[in-house]
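Have a look at the structure below before the remarks.
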Amino acid sequence: MPKATHSPDTGAAESLLKLITDRGAIEFDHEREGAWIEVIRKMDEVYSDLLRYEVDLEHKNAELEEAQAFVTNVIESVSDILIVCDAKGLVQQVNSAFQRTLGRSSDEIVSWKMAEVIDPADNVKLVSLLSPRGTSDVVDGELRFLTRDGSSDLFAINSSPRHDHRGRFIGVVLTGRPIGELRRAYEALHKAHQELQRAQRQLIEQEKMASLGRLVAGVAHELNNPISFVYGNVHTLMRYRTALTAYLDAVHGNGERRQDAEALRKRLRIGDILEDLGPLLDGTMEGAVRISEIVKNLRRLSFSKLGEVERVNIQPMINTAVLWAARTRKTRLDIQMDIEPDLWISGNEGQLHQVIVNLVENAIDAMRSVRSPRLAVCASRRGNDILVHISDNGPGIDAQNLGRIFEPFFTTKRVGEGTGLGLWISYGIVREHGGELTGVNAPEGGAIFSFALPAA
């Protein structure tokens, strides 16, 4: 009986335990399945992120490669040489221009020292180009690079420093371009310029000689008068000498009586001769002095000392220049001179004389067709300057030629009458003396050429 009642309870308990056990297993399976699903979902998210990151990375790599290719293409396209060196002067990278310069490939050049690719004579220059310095300190210099065949060419080099993210000096970037050909071209240009200057000086000298040649007629006339004085007086003195010799021989001769000497004195007109000797000697001396003055003026016109500076009195210099220039043209004209006395400047008298002669000759030539030619020359002080005006009553300067009158070889004269260098040379001389030559048309007609020079 007791056993009968105990059995049903034990079976029920076992059934209940089995039911609980089975339900727990089911619930555990559900929890484990949920966890795996969550893990798989997370893995999917991570994988998706990885795929997205990979795609982004591929895009970034493509952009980086494109940028790198662009930079490389730009560097290779630059005609200037480019060299990247480390802090010890070892070559790390070069462009095609530098490879062509040396005639070597990049693999040959990289890891070489810079001292191995330059002329040994430029080692001192290389030290300053590779020296450590601040970010903004750029150094310029010149280097000769050795090619494969042993030749070298000169380059203008610009050295820029390189620094890492900590600001430490890690090397330099050298850029440069060949200047050997440029220097040779410059030397050729300089030589051509010197030849041009030499030709210009020759033209100036020729114009000066032509100017002097035009003055020869006037100088000859100036010399002719005093020479005629001296020549005539000398002939008269020779006749007087014969008479005086005969008289003195008669006076001091043996047996001559006093009355005979007196008769001879009257016959030979010794008194008149002695009275005329003074004026003859004075005239001869005057002629000699005038010849001396003319020669002195000619010496002032000597252009052998162009750089010589002296105090020049304006009045006699202008008077002589106007007189000589007027005589060479052999033209009757009214010359009006209005020159203040005691006007002094510092300069070369011969050069300034040439300026006045050129301006006066041009004015006279311009008045060929004028019935009553009139030349006015004025010089006055204005403050610290000496102002000179030379004007004429000719037809004036054509408006289209006003801007060209001081150009070399420009002339309105007929062929053979002028070289076109007179005004150009005069303009340069006035500029060298601290002034400026100008030419304008006068309101009442004619042309006016003016210049102002600093007073001495």
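Residues in the structure tokens are named by chain (A, B, ... in the order shown) and by number from 1 within that chain; ligands are numbered from 1 in the order shown.
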Inset, instruction - Would you please give, as a ChimeraX atom specification, all residues of stretch 39-168 of chain A that DSSP assigns to alpha helix (DSSP H) based on the backbone? - result: /A:39-77,96-102,106-109,123-130
Inset, instruction - Find the residues near stretch 437-447 of chain A: any atom within 12 Å, counting only C-alpha atoms, skip ones fewer than 2 places away on the same chain, and give them as a ChimeraX atom specification. - result: /A:352,355-356,359-360,362-367,370,373-376,387-399,401-406,423-435,449-453
Inset, instruction - Might you pull out every residue within 8 Å of stretch 165-181 of chain A, with only C-alpha atoms counted and same-chain residues fewer than 3 positions away left off, and present them as number ranges by chain? - result: A: 79-89, 130, 132-133, 153-162, 184-185
Please produce an output containing N, CA, C and O atoms for each residue in the selection, written as a compact mmCIF listing (two decimals), in the first residue's frame.
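The resulting file, result-v6.txt, is shown below:
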```
# COMPACT_ATOMS: atom_id res chain seq x y z
N SER A 79 61.87 72.52 -67.77
CA SER A 79 63.13 72.57 -68.49
C SER A 79 64.32 72.82 -67.57
O SER A 79 65.46 72.49 -67.91
N ASP A 80 64.07 73.42 -66.39
CA ASP A 80 65.14 73.63 -65.43
C ASP A 80 65.51 72.30 -64.77
O ASP A 80 64.66 71.41 -64.62
N ILE A 81 66.77 72.19 -64.38
CA ILE A 81 67.18 70.98 -63.68
C ILE A 81 66.65 71.01 -62.25
O ILE A 81 66.47 72.08 -61.66
N LEU A 82 66.40 69.83 -61.68
CA LEU A 82 65.91 69.70 -60.30
C LEU A 82 66.64 68.55 -59.63
O LEU A 82 66.68 67.43 -60.17
N ILE A 83 67.23 68.83 -58.46
CA ILE A 83 67.97 67.82 -57.71
C ILE A 83 67.51 67.88 -56.27
O ILE A 83 67.51 68.96 -55.65
N VAL A 84 67.16 66.72 -55.70
CA VAL A 84 66.78 66.62 -54.29
C VAL A 84 67.92 65.92 -53.56
O VAL A 84 68.31 64.80 -53.94
N CYS A 85 68.46 66.58 -52.54
CA CYS A 85 69.59 66.02 -51.78
C CYS A 85 69.19 65.90 -50.31
O CYS A 85 68.35 66.65 -49.80
N ASP A 86 69.85 64.96 -49.62
CA ASP A 86 69.65 64.85 -48.18
C ASP A 86 70.62 65.78 -47.47
O ASP A 86 71.36 66.56 -48.10
N ALA A 87 70.62 65.70 -46.13
CA ALA A 87 71.45 66.62 -45.35
C ALA A 87 72.93 66.39 -45.57
O ALA A 87 73.75 67.28 -45.30
N LYS A 88 73.32 65.20 -46.05
CA LYS A 88 74.73 64.90 -46.28
C LYS A 88 75.18 65.18 -47.71
O LYS A 88 76.32 64.92 -48.06
N GLY A 89 74.25 65.68 -48.54
CA GLY A 89 74.61 66.00 -49.91
C GLY A 89 74.48 64.84 -50.86
O GLY A 89 75.00 64.91 -51.98
N LEU A 130 74.58 73.70 -49.85
CA LEU A 130 74.07 72.55 -49.08
C LEU A 130 74.01 72.83 -47.59
O LEU A 130 73.59 71.97 -46.82
N PRO A 132 72.98 73.84 -43.77
CA PRO A 132 71.70 73.91 -43.05
C PRO A 132 71.32 75.36 -42.78
O PRO A 132 72.16 76.21 -42.52
N ARG A 133 70.00 75.65 -42.87
CA ARG A 133 69.52 77.02 -42.66
C ARG A 133 68.03 76.99 -42.44
O ARG A 133 67.39 75.93 -42.47
N ASP A 153 79.10 72.71 -68.17
CA ASP A 153 78.38 73.92 -68.54
C ASP A 153 77.95 74.63 -67.27
O ASP A 153 77.65 73.99 -66.25
N LEU A 154 77.89 75.93 -67.32
CA LEU A 154 77.60 76.73 -66.14
C LEU A 154 76.09 76.85 -65.95
O LEU A 154 75.35 77.12 -66.90
N PHE A 155 75.66 76.67 -64.68
CA PHE A 155 74.24 76.77 -64.34
C PHE A 155 74.06 77.77 -63.20
O PHE A 155 74.89 77.83 -62.28
N ALA A 156 72.97 78.51 -63.26
CA ALA A 156 72.57 79.36 -62.14
C ALA A 156 71.70 78.52 -61.22
O ALA A 156 70.67 77.97 -61.63
N ILE A 157 72.11 78.36 -59.96
CA ILE A 157 71.47 77.43 -59.03
C ILE A 157 70.73 78.19 -57.94
O ILE A 157 71.22 79.19 -57.41
N ASN A 158 69.53 77.67 -57.60
CA ASN A 158 68.74 78.18 -56.49
C ASN A 158 68.55 77.04 -55.49
O ASN A 158 68.02 76.00 -55.84
N SER A 159 69.01 77.25 -54.26
CA SER A 159 68.98 76.20 -53.23
C SER A 159 67.95 76.54 -52.17
O SER A 159 68.07 77.55 -51.46
N SER A 160 66.91 75.65 -52.05
CA SER A 160 65.85 75.83 -51.04
C SER A 160 65.96 74.72 -50.00
O SER A 160 66.09 73.54 -50.36
N PRO A 161 65.92 75.04 -48.69
CA PRO A 161 66.07 74.01 -47.65
C PRO A 161 64.81 73.16 -47.49
O PRO A 161 63.71 73.59 -47.82
N ARG A 162 65.00 71.93 -46.99
CA ARG A 162 63.90 71.02 -46.68
C ARG A 162 63.92 70.69 -45.18
O ARG A 162 65.00 70.51 -44.60
N ARG A 184 77.36 83.57 -73.07
CA ARG A 184 78.01 83.75 -74.37
C ARG A 184 77.23 84.74 -75.23
O ARG A 184 77.82 85.57 -75.94
N ALA A 185 75.89 84.64 -75.17
CA ALA A 185 75.08 85.59 -75.92
C ALA A 185 75.26 87.00 -75.38
O ALA A 185 75.32 87.97 -76.15
```
Legend entry - Pick from A:Lys60, A:Arg371, A:Arg332, A:Arg381 nearest to A:Ile345, counting only C-alpha atoms: A:Arg381
Legend entry - Interatomic distance, atom CA of A:Lys113 to atom CA of A:Val71 (Å, one decimal):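 Between atom CA of A:Lys113 and atom CA of A:Val71 the gap works out to 24.7 Å.
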Legend entry - Best match for closeness to A:Ser111 among A:Val46, A:Leu323, A:Val94, A:Ala288, counting only C-alpha atoms: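 Closest residue, counting only C-alpha atoms: A:Val94.
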